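A.B. asks: Structure supplied as target_21.txt; contents: compact mmCIF, C-alpha atoms.
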```
# COMPACT_ATOMS: atom_id res chain seq x y z
CA MET A 1 91.61 20.82 -3.68
CA LYS A 2 90.07 22.78 -0.81
CA LYS A 3 89.10 25.53 -3.26
CA TYR A 4 87.41 22.91 -5.50
CA ILE A 5 85.49 21.43 -2.58
CA MET A 6 84.34 24.89 -1.41
CA PHE A 7 83.24 25.79 -4.96
CA ALA A 8 81.32 22.56 -5.34
CA THR A 9 79.71 22.97 -1.97
CA THR A 10 78.69 26.53 -2.77
CA PHE A 11 77.31 25.50 -6.15
CA LEU A 12 75.23 22.67 -4.67
CA LEU A 13 73.90 24.94 -1.93
CA ALA A 14 72.86 27.55 -4.50
CA MET A 15 71.08 24.92 -6.58
CA PHE A 16 69.31 23.65 -3.46
CA LEU A 17 68.05 27.15 -2.57
CA VAL A 18 66.84 27.73 -6.13
CA ALA A 19 64.97 24.45 -6.02
CA CYS A 20 63.42 25.36 -2.68
CA GLY A 21 62.43 28.74 -4.05
CA ASP A 22 60.77 27.19 -7.08
CA ALA A 23 58.95 24.70 -4.87
CA SER A 24 57.79 27.49 -2.60
CA THR A 25 56.58 29.50 -5.60
CA GLU A 26 54.73 26.49 -6.95
CA ASN A 27 53.15 25.88 -3.57
CA GLN A 28 52.08 29.51 -3.39
CA LYS A 29 50.62 29.27 -6.88
CA SER A 30 48.89 26.06 -5.94
CA ASP A 31 47.52 27.55 -2.72
CA GLY A 32 46.37 30.64 -4.59
CA ALA A 33 44.57 28.51 -7.15
CA THR A 34 42.95 26.54 -4.36
CA ASP A 35 41.78 29.76 -2.67
CA ALA A 36 40.35 31.06 -5.92
CA THR A 37 38.55 27.76 -6.44
CA ASP A 38 37.17 27.86 -2.89
CA ASN A 39 35.90 31.43 -3.37
CA SER A 40 34.22 30.46 -6.61
CA GLU A 41 32.54 27.51 -4.93
CA THR A 42 31.35 29.76 -2.07
CA GLU A 43 29.77 32.13 -4.53
CA GLU A 44 28.09 29.23 -6.29
CA ALA A 45 26.99 27.71 -3.00
CA SER A 46 25.35 30.97 -1.93
CA GLY A 47 23.03 30.60 -4.90
CA ASN A 48 21.42 34.04 -4.49
CA LYS A 49 19.01 35.02 -7.21
CA THR A 50 19.42 38.50 -8.60
CA LEU A 51 16.41 40.81 -8.94
CA GLU A 52 16.95 43.91 -11.04
CA LYS A 53 14.11 45.83 -9.34
CA LEU A 54 11.51 45.42 -6.64
CA SER A 55 8.71 47.98 -6.55
CA ILE A 56 6.71 48.91 -3.44
CA GLY A 57 3.53 51.00 -3.39
CA PHE A 58 2.12 52.79 -0.34
CA VAL A 59 -1.39 54.18 0.07
CA PRO A 60 -1.61 57.91 0.92
CA SER A 61 -2.98 57.60 4.46
CA ARG A 62 -0.38 60.22 5.45
CA ASP A 63 1.13 63.10 3.51
CA PRO A 64 2.79 61.45 0.45
CA GLN A 65 6.12 63.25 0.88
CA GLU A 66 6.20 62.28 4.55
CA ILE A 67 5.76 58.63 3.56
CA ILE A 68 8.48 58.82 0.89
CA THR A 69 10.95 60.38 3.34
CA ALA A 70 10.13 58.02 6.21
CA THR A 71 10.31 54.85 4.12
CA ASP A 72 13.51 55.61 2.21
CA PRO A 73 15.68 53.62 4.70
CA LEU A 74 13.46 50.61 3.97
CA LYS A 75 15.33 50.13 0.69
CA ASP A 76 18.64 49.20 2.34
CA LEU A 77 16.96 47.30 5.18
CA LEU A 78 15.03 45.14 2.75
CA LYS A 79 18.04 44.57 0.50
CA THR A 80 20.05 43.35 3.48
CA GLU A 81 17.34 41.01 4.75
CA LEU A 82 16.59 39.57 1.32
CA ALA A 83 20.30 39.00 0.65
CA SER A 84 20.41 36.76 3.72
CA LEU A 85 17.35 34.94 2.41
CA GLY A 86 18.66 34.20 -1.08
CA TYR A 87 17.87 37.34 -3.10
CA ASP A 88 20.21 40.10 -4.25
CA VAL A 89 18.06 43.11 -5.18
CA LYS A 90 19.76 45.84 -7.21
CA ASN A 91 17.07 48.51 -6.97
CA ILE A 92 14.01 49.08 -4.78
CA ASP A 93 11.50 51.64 -6.02
CA ILE A 94 9.08 53.21 -3.52
CA THR A 95 6.03 55.20 -4.61
CA VAL A 96 2.90 56.59 -2.98
CA GLY A 97 -0.33 56.14 -4.91
CA THR A 98 -2.50 59.11 -5.78
CA ASN A 99 -5.25 57.28 -3.88
CA TYR A 100 -5.90 53.86 -2.36
CA GLU A 101 -7.31 52.45 -5.57
CA ALA A 102 -4.20 53.39 -7.54
CA VAL A 103 -2.07 51.03 -5.44
CA GLY A 104 -4.64 48.23 -5.75
CA GLU A 105 -4.78 48.67 -9.50
CA ALA A 106 -0.98 48.66 -9.76
CA LEU A 107 -0.84 45.37 -7.86
CA SER A 108 -3.51 43.86 -10.09
CA ALA A 109 -1.70 45.03 -13.22
CA GLY A 110 1.65 43.72 -11.98
CA THR A 111 3.31 47.13 -12.28
CA THR A 112 3.89 47.13 -8.51
CA ASP A 113 5.28 44.03 -6.80
CA ILE A 114 4.41 44.82 -3.17
CA GLY A 115 1.68 47.00 -1.69
CA PHE A 116 1.14 48.37 1.80
CA ILE A 117 -2.66 48.51 1.67
CA PRO A 118 -5.60 48.36 4.09
CA GLY A 119 -7.83 45.31 4.26
CA GLY A 120 -10.58 47.15 2.44
CA THR A 121 -8.36 47.87 -0.53
CA TYR A 122 -7.05 44.31 -0.49
CA VAL A 123 -10.46 42.63 -0.79
CA LEU A 124 -11.40 44.94 -3.66
CA TYR A 125 -8.31 43.88 -5.59
CA ASP A 126 -7.76 40.31 -4.38
CA ASP A 127 -8.18 39.04 -7.93
CA GLY A 128 -4.73 40.46 -8.62
CA ALA A 129 -3.27 40.77 -5.12
CA GLU A 130 -2.41 38.25 -2.42
CA VAL A 131 -2.03 39.09 1.27
CA ILE A 132 1.17 37.78 2.90
CA LEU A 133 1.34 39.75 6.17
CA THR A 134 -0.85 41.75 8.51
CA ALA A 135 0.48 44.58 10.64
CA THR A 136 0.47 44.61 14.41
CA ARG A 137 0.05 47.85 16.29
CA ALA A 138 0.19 48.97 19.86
CA GLY A 139 -3.20 48.68 21.48
CA LEU A 140 -4.89 51.81 22.84
CA ASN A 141 -6.19 52.69 26.27
CA ASN A 142 -9.60 53.32 24.69
CA ASP A 143 -11.59 50.56 22.98
CA SER A 144 -15.17 51.15 24.11
CA ASP A 145 -18.12 51.19 21.71
CA ASN A 146 -19.35 54.30 23.55
CA PRO A 147 -17.73 57.57 22.36
CA VAL A 148 -18.39 59.22 25.75
CA ASP A 149 -15.90 56.81 27.35
CA TRP A 150 -13.23 58.00 24.92
CA ASN A 151 -14.03 61.65 25.60
CA LYS A 152 -13.74 61.15 29.35
CA ASN A 153 -10.47 59.24 28.96
CA GLU A 154 -8.47 61.67 26.80
CA PRO A 155 -5.90 61.78 25.41
CA THR A 156 -5.91 58.42 23.67
CA GLU A 157 -2.61 56.69 24.44
CA ALA A 158 -0.81 53.54 23.36
CA THR A 159 -0.40 50.50 25.59
CA THR A 160 2.21 47.75 25.59
CA GLU A 161 -0.29 45.26 24.16
CA GLN A 162 0.01 44.41 20.46
CA ALA A 163 -3.24 44.42 18.50
CA ILE A 164 -4.19 43.00 15.12
CA SER A 165 -7.27 45.21 14.74
CA TYR A 166 -8.18 48.84 15.33
CA ARG A 167 -11.19 51.12 15.58
CA GLY A 168 -12.57 53.69 13.22
CA ILE A 169 -13.87 56.83 14.89
CA LEU A 170 -16.13 59.76 14.01
CA ILE A 171 -14.61 63.02 15.26
CA ALA A 172 -16.49 66.29 15.76
CA GLY A 173 -14.30 69.35 15.16
CA PRO A 174 -14.26 72.87 16.63
CA SER A 175 -16.88 74.29 14.26
CA LYS A 176 -20.23 75.38 15.67
CA LYS A 177 -22.00 72.32 14.25
CA GLY A 178 -19.26 69.98 15.38
CA GLN A 179 -19.39 71.27 18.94
CA GLU A 180 -23.17 71.09 18.94
CA LEU A 181 -23.10 67.38 18.08
CA ALA A 182 -20.30 66.66 20.57
CA ALA A 183 -22.23 68.35 23.38
CA LYS A 184 -25.29 66.26 22.61
CA VAL A 185 -23.32 63.00 22.71
CA ASN A 186 -21.50 63.94 25.92
CA LYS A 187 -24.85 64.60 27.60
CA GLY A 188 -25.86 61.05 26.77
CA GLU A 189 -28.40 62.08 24.14
CA ALA A 190 -28.83 59.96 21.02
CA LEU A 191 -27.95 61.48 17.68
CA THR A 192 -30.47 61.42 14.84
CA PHE A 193 -29.66 61.07 11.18
CA GLU A 194 -30.90 64.63 10.75
CA ASP A 195 -28.19 65.75 13.19
CA LEU A 196 -25.53 64.07 11.12
CA ASP A 197 -26.99 65.08 7.77
CA GLY A 198 -26.75 68.72 8.79
CA ALA A 199 -22.98 68.50 9.17
CA ASN A 200 -20.18 68.72 6.63
CA TRP A 201 -18.36 65.37 6.50
CA ASN A 202 -14.75 64.52 5.63
CA VAL A 203 -14.35 61.02 4.19
CA MET A 204 -11.56 59.16 2.41
CA SER A 205 -11.78 57.06 -0.75
CA SER A 206 -14.40 54.31 -0.86
CA SER A 207 -11.85 51.54 -0.20
CA SER A 208 -10.59 53.08 3.05
CA PRO A 209 -11.81 51.01 6.05
CA ALA A 210 -11.67 53.73 8.72
CA GLY A 211 -12.27 56.56 6.29
CA TYR A 212 -15.30 55.17 4.45
CA ILE A 213 -16.32 51.50 4.70
CA TYR A 214 -16.90 51.10 8.41
CA PRO A 215 -18.46 54.54 8.83
CA ALA A 216 -20.90 53.51 6.08
CA LEU A 217 -21.69 50.33 8.02
CA TRP A 218 -22.06 52.32 11.22
CA LEU A 219 -24.59 54.61 9.54
CA GLN A 220 -26.48 51.60 8.22
CA GLU A 221 -26.56 49.79 11.56
CA ASN A 222 -27.59 52.86 13.55
CA PHE A 223 -29.72 54.86 11.11
CA ASN A 224 -30.40 52.53 8.15
CA LYS A 225 -28.51 55.03 5.98
CA THR A 226 -25.09 55.19 4.37
CA ILE A 227 -22.55 57.80 3.32
CA THR A 228 -24.19 58.31 -0.05
CA ASP A 229 -27.35 59.41 1.80
CA LEU A 230 -25.54 62.34 3.45
CA SER A 231 -26.09 65.77 1.95
CA LYS A 232 -22.64 67.30 2.49
CA VAL A 233 -19.63 65.03 1.98
CA VAL A 234 -16.08 66.00 0.99
CA GLN A 235 -13.58 63.32 -0.05
CA ALA A 236 -10.04 64.13 1.09
CA ASP A 237 -6.88 62.91 -0.62
CA SER A 238 -5.16 62.29 2.75
CA TYR A 239 -5.89 62.48 6.45
CA GLY A 240 -3.55 65.46 6.68
CA THR A 241 -5.82 67.37 4.31
CA ALA A 242 -8.90 66.22 6.22
CA PHE A 243 -7.54 67.38 9.59
CA ALA A 244 -6.53 70.72 8.08
CA ARG A 245 -10.11 71.25 6.87
CA LEU A 246 -11.48 70.23 10.26
CA ALA A 247 -9.16 72.68 12.01
CA ALA A 248 -10.12 75.46 9.59
CA GLU A 249 -13.81 74.72 10.36
CA GLN A 250 -14.45 74.09 6.68
CA THR A 251 -15.86 70.73 7.72
CA ASP A 252 -17.55 69.56 10.93
CA LEU A 253 -16.95 65.82 11.08
CA LEU A 254 -14.06 63.53 10.19
CA VAL A 255 -13.94 59.74 9.97
CA THR A 256 -10.51 58.29 10.64
CA PHE A 257 -8.51 55.65 12.54
CA ALA A 258 -8.53 55.56 16.34
CA ASP A 259 -5.13 57.08 17.06
CA ALA A 260 -5.16 59.69 14.29
CA ARG A 261 -5.44 62.59 16.72
CA ARG A 262 -2.16 61.49 18.29
CA ASP A 263 -0.53 61.70 14.86
CA TYR A 264 -1.85 65.19 14.15
CA ALA A 265 -1.68 66.68 17.67
CA GLU A 266 1.42 68.74 16.88
CA ALA A 267 0.24 69.87 13.45
CA TRP A 268 -3.08 70.96 14.98
CA THR A 269 -1.41 73.99 16.59
CA SER A 270 1.80 74.40 14.58
CA GLU A 271 0.52 73.96 11.02
CA TYR A 272 -3.24 74.39 11.33
CA ASN A 273 -2.92 77.41 13.66
CA ARG A 274 -5.36 76.33 16.36
CA GLN A 275 -4.91 78.01 19.74
CA ALA A 276 -5.99 75.06 21.90
CA ASP A 277 -4.77 71.47 21.57
CA ILE A 278 -6.56 68.84 19.52
CA TRP A 279 -7.92 67.01 22.59
CA ALA A 280 -9.63 70.14 23.87
CA GLU A 281 -11.15 71.07 20.52
CA THR A 282 -12.36 67.70 19.25
CA ASP A 283 -14.58 64.91 20.60
CA LEU A 284 -15.76 61.54 19.42
CA ILE A 285 -19.40 61.14 18.49
CA GLY A 286 -19.18 57.62 17.04
CA VAL A 287 -17.05 54.45 17.31
CA MET A 288 -16.92 51.84 14.54
CA PRO A 289 -16.60 48.04 14.92
CA ALA A 290 -13.05 46.65 15.08
CA ILE A 291 -11.19 46.68 11.75
CA TYR A 292 -8.53 44.12 10.86
CA ASN A 293 -5.11 45.75 10.42
CA ASP A 294 -3.33 46.80 7.22
CA THR A 295 -1.81 44.25 4.89
CA ILE A 296 1.41 43.78 3.04
CA SER A 297 0.18 42.25 -0.18
CA VAL A 298 1.97 41.09 -3.30
CA SER A 299 0.96 41.13 -6.94
CA LYS A 300 -0.31 37.91 -8.47
CA ASN A 301 0.69 39.30 -11.86
CA SER A 302 4.21 40.44 -11.04
CA GLU A 303 6.80 38.91 -13.38
CA ILE A 304 9.18 38.18 -10.50
CA MET A 305 6.76 36.98 -7.80
CA ASP A 306 6.71 33.27 -6.90
CA ASP A 307 6.19 31.21 -3.74
CA GLU A 308 9.88 31.34 -2.78
CA LEU A 309 10.03 35.12 -3.05
CA LYS A 310 6.77 35.47 -1.09
CA LYS A 311 8.24 33.43 1.77
CA ALA A 312 11.43 35.47 1.67
CA LEU A 313 9.45 38.72 1.76
CA GLN A 314 7.36 37.48 4.68
CA GLN A 315 10.44 36.67 6.71
CA ALA A 316 12.26 39.84 5.65
CA PHE A 317 9.47 42.17 6.76
CA ILE A 318 8.96 40.23 10.02
CA ASN A 319 12.68 40.60 10.71
CA ILE A 320 12.66 44.30 9.83
CA GLY A 321 9.73 44.88 12.19
CA LYS A 322 11.79 43.52 15.08
CA THR A 323 14.70 45.95 14.65
CA LYS A 324 15.00 49.50 15.95
CA GLU A 325 15.71 50.86 12.47
CA GLY A 326 12.81 48.93 10.99
CA LYS A 327 10.38 50.09 13.64
CA GLU A 328 11.30 53.70 12.88
CA VAL A 329 10.43 53.17 9.21
CA ILE A 330 7.12 51.36 9.64
CA ALA A 331 6.01 53.79 12.35
CA VAL A 332 4.84 56.09 9.54
CA TYR A 333 1.80 53.77 9.31
CA SER A 334 1.69 53.15 13.08
CA HIS A 335 2.84 49.60 12.38
CA GLU A 336 4.96 47.95 15.05
CA GLY A 337 5.53 44.56 13.50
CA TYR A 338 4.07 41.93 11.18
CA GLN A 339 2.68 38.44 11.36
CA GLU A 340 1.85 35.98 8.60
CA ALA A 341 -1.63 36.38 7.17
CA LYS A 342 -3.99 34.35 5.06
CA ASP A 343 -6.74 35.36 2.69
CA SER A 344 -9.55 34.13 4.97
CA ASP A 345 -8.51 36.62 7.65
CA TYR A 346 -10.30 39.25 5.58
CA ASP A 347 -13.59 37.41 5.01
CA ASN A 348 -15.42 39.83 7.32
CA GLU A 349 -13.97 42.69 5.33
CA ARG A 350 -15.45 41.15 2.19
CA LYS A 351 -18.87 41.08 3.83
CA ALA A 352 -18.46 44.74 4.72
CA GLN A 353 -17.49 45.59 1.16
CA GLU A 354 -20.48 43.73 -0.25
CA ILE A 355 -22.84 45.70 1.97
CA VAL A 356 -21.20 49.00 1.08
CA GLN A 357 -21.36 48.22 -2.63
CA LYS A 358 -25.03 47.27 -2.41
CA LEU A 359 -25.82 50.43 -0.50
CA GLY A 360 -23.80 52.51 -2.92
CA SER A 361 -25.70 51.12 -5.89
CA LYS A 362 -29.08 52.18 -4.51
```
Show me, as structure tokens, the structure contained in the file I just sent.
C.D. replies:
Amino acid sequence: MKKYIMFATTFLLAMFLVACGDASTENQKSDGATDATDNSETEEASGNKTLEKLSIGFVPSRDPQEIITATDPLKDLLKTELASLGYDVKNIDITVGTNYEAVGEALSAGTTDIGFIPGGTYVLYDDGAEVILTATRAGLNNDSDNPVDWNKNEPTEATTEQAISYRGILIAGPSKKGQELAAKVNKGEALTFEDLDGANWNVMSSSSPAGYIYPALWLQENFNKTITDLSKVVQADSYGTAFARLAAEQTDLLVTFADARRDYAEAWTSEYNRQADIWAETDLIGVMPAIYNDTISVSKNSEIMDDELKKALQQAFINIGKTKEGKEVIAVYSHEGYQEAKDSDYDNERKAQEIVQKLGSK
């Protein structure tokens, strides 16, 4: 009898444990199904749109390979920011245009989605491009209209102030003619157009604000002439090439942006083989009116561009400009951050372009 009771008790206990095990397994299965469902809902809730490719074009204001190398980390930075703003981007393609116009044309054609372009290039191609951001840069300790003030206060250095505009400058190099013109300006003597016409000029493409447009306006305002009236003009493909020619005394004058000598100070002696530093061997002989900073513009004809993506790109680049890693990338253009822009910000640039085009057609 005792054996029967023990057997029955053992049997019932075994059945109870099996039942508990089955219940536990079912609960685990149920919990697992619930987790899977929750994960699926989270993925749906995220609602990120997938972009196969986003293309970015840069103008060649620096050596193209230098720009490609410096901006490569932008790919991951932008992917990360856009992912947090609702866009998963599989590939980001970065290119440097053969000239400023090439990037403007690519934006107009829709073959490039985003362009880092100057205001001058933007207004030439605003039929197919739309500005979304303007760059901010560190202000400089020189901002006078008088080139002598710059020459007395060298080297040009950055300040802690952020600026939304910059100056174009006319630099005289170490050649005999360049030094002759610099000496005249530093003595307080006024230059004549004949002085300038006797020099070999370095200019950039016709859509470059500091490298063409504003120097043309400066010539018009001061001498009633323009760049097309000069006898000896060489168009450079980049400022690096232009500074190399200036250092080699192949050219006498160079039009560029205000802090360009800071960018090429090291190359002046190491690559261009000058014995003295750039501040000792160059002087300003002209200062242009203030120029509104570079743009980040998007293509109006891009297949993927819409208002939502524009807003996401605005916020992404603003965020990137606030990080250490981002600042290192955008420093290649001397950008330090970005702020939202609107088309009317560049109305003065349009006026400048109209004048240049009229003068160029004469």
A.B. asks: If I take atom CA of Asp126 of chain A and atom CA of Asp347 of chain A, how far is one from the other in Å, to one decimal?
C.D. replies: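 Separation of atom CA of Asp126 of chain A and atom CA of Asp347 of chain A: 11.4 Å.
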A.B. asks: May I have the residues at most 9 Å from (-5.6, 39.8, 5.5) in the file's coordinates, counting only C-alpha atoms, as a list in words?
C.D. replies: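 Here is the list of nearby residues: Pro118, Gly119, Tyr122, Val123, Glu130, Val131, Ile132, Leu133, Thr134, Tyr292, Asn293, Asp294, Thr295, Ile296, Ser297, Glu340, Ala341, Lys342, Asp343, Ser344, Asp345, Tyr346, Asp347 and Glu349 of chain A.
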A.B. asks: With 12 Å as the cut-off and only C-alpha atoms counted, what is the closest atom pair between each nearby residue of segment 184-212 of chain A and segment 98-106 of chain A? Distances in Å to one decimal, ordered by chain and number, as a Markdown table.
C.D. replies:
```
| residue | atom | partner | partner_atom | distance |
| --- | --- | --- | --- | --- |
| A:Met204 | CA | A:Tyr100 | CA | 9.1 |
| A:Ser205 | CA | A:Tyr100 | CA | 6.9 |
| A:Ser206 | CA | A:Tyr100 | CA | 8.6 |
| A:Ser207 | CA | A:Tyr100 | CA | 6.7 |
| A:Ser208 | CA | A:Tyr100 | CA | 7.2 |
| A:Pro209 | CA | A:Tyr100 | CA | 10.7 |
| A:Gly211 | CA | A:Tyr100 | CA | 11.1 |
| A:Tyr212 | CA | A:Tyr100 | CA | 11.7 |
```
A.B. asks: Quick one: pull the distance between atom CA of Lys75 of chain A and atom CA of Ile92 of chain A, Å, one decimal.
C.D. replies: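 Computing the Euclidean distance for atom CA of Lys75 of chain A and atom CA of Ile92 of chain A yields 5.7 Å.
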A.B. asks: Would you pick out the contacts of segment 61-71 of chain A at 8 Å or less, using only C-alpha atoms, so that residues sharing its chain but fewer than 4 positions from it are not included, and give the list as number ranges by chain?
C.D. replies: A: 75, 94-96, 238-240, 329-330, 332-333
A.B. asks: Output the selection as a tab-separated table (two decimals), in the frame of the given file - C-alpha atoms for each residue.
C.D. replies:
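Below is the file selection25.tsv, written as the result:
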```tsv
chain	number	residue	atom	x	y	z
A	75	LYS	CA	15.33	50.13	0.69
A	94	ILE	CA	9.08	53.21	-3.52
A	95	THR	CA	6.03	55.20	-4.61
A	96	VAL	CA	2.90	56.59	-2.98
A	238	SER	CA	-5.16	62.29	2.75
A	239	TYR	CA	-5.89	62.48	6.45
A	240	GLY	CA	-3.55	65.46	6.68
A	329	VAL	CA	10.43	53.17	9.21
A	330	ILE	CA	7.12	51.36	9.64
A	332	VAL	CA	4.84	56.09	9.54
A	333	TYR	CA	1.80	53.77	9.31
```
A.B. asks: Residues within 12 Å of Thr323 of chain A, please, as a PyMOL selection string. Count all atoms listed in the file; anything in the same chain fewer than 2 positions from it doesn't count.
C.D. replies: chain A and resi 74+77-78+81+316-321+325-331+336-338
A.B. asks: Under the rule that all atoms listed in the file are counted, which of A:Pro147, A:Gly115, A:Asp307, A:Asp72 is the nearest residue to Leu191 of chain A?
C.D. replies: A:Pro147
A.B. asks: What's the separation between atom CA of Lys79 of chain A and atom CA of Ala312 of chain A, in Å to one decimal place?
C.D. replies: 11.3 Å
A.B. asks: Of the candidates A:Lys358, A:Lys310, A:Lys300, A:Arg261, which one gets nearest to Glu281 of chain A if we count all atoms listed in the file?
C.D. replies: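 The closest residue to Glu281 of chain A is A:Arg261.
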A.B. asks: Would you mind listing what lies within 8 Å of Leu246 of chain A as a PDB file with C-alpha atoms, in the coordinates of the input, with all atoms listed in the file counted and same-chain residues fewer than 4 positions away left out?
C.D. replies:
```
ATOM      1  CA  GLY A 173     -14.300  69.350  15.160  1.00  0.00           C
ATOM      2  CA  PRO A 174     -14.260  72.870  16.630  1.00  0.00           C
ATOM      3  CA  SER A 175     -16.880  74.290  14.260  1.00  0.00           C
ATOM      4  CA  ALA A 242      -8.900  66.220   6.220  1.00  0.00           C
ATOM      5  CA  GLN A 250     -14.450  74.090   6.680  1.00  0.00           C
ATOM      6  CA  THR A 251     -15.860  70.730   7.720  1.00  0.00           C
ATOM      7  CA  ASP A 252     -17.550  69.560  10.930  1.00  0.00           C
ATOM      8  CA  LEU A 253     -16.950  65.820  11.080  1.00  0.00           C
ATOM      9  CA  LEU A 254     -14.060  63.530  10.190  1.00  0.00           C
TER      10      LEU A 254
END
```
A.B. asks: So, counting all atoms listed in the file, which residue among A:Ala267, A:Ile213, A:Ala182, A:Ala109 is closest to Asn301 of chain A?
C.D. replies: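 Closest to Asn301 of chain A, using all atoms listed in the file: A:Ala109.
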A.B. asks: For a quick check of understanding, using all atoms listed in the file, which of A:Leu309, A:Ala135, A:Tyr166, A:Asn224 has the smallest distance to Val89 of chain A?
C.D. replies: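 Using all atoms listed in the file, Val89 of chain A sits closest to A:Leu309.
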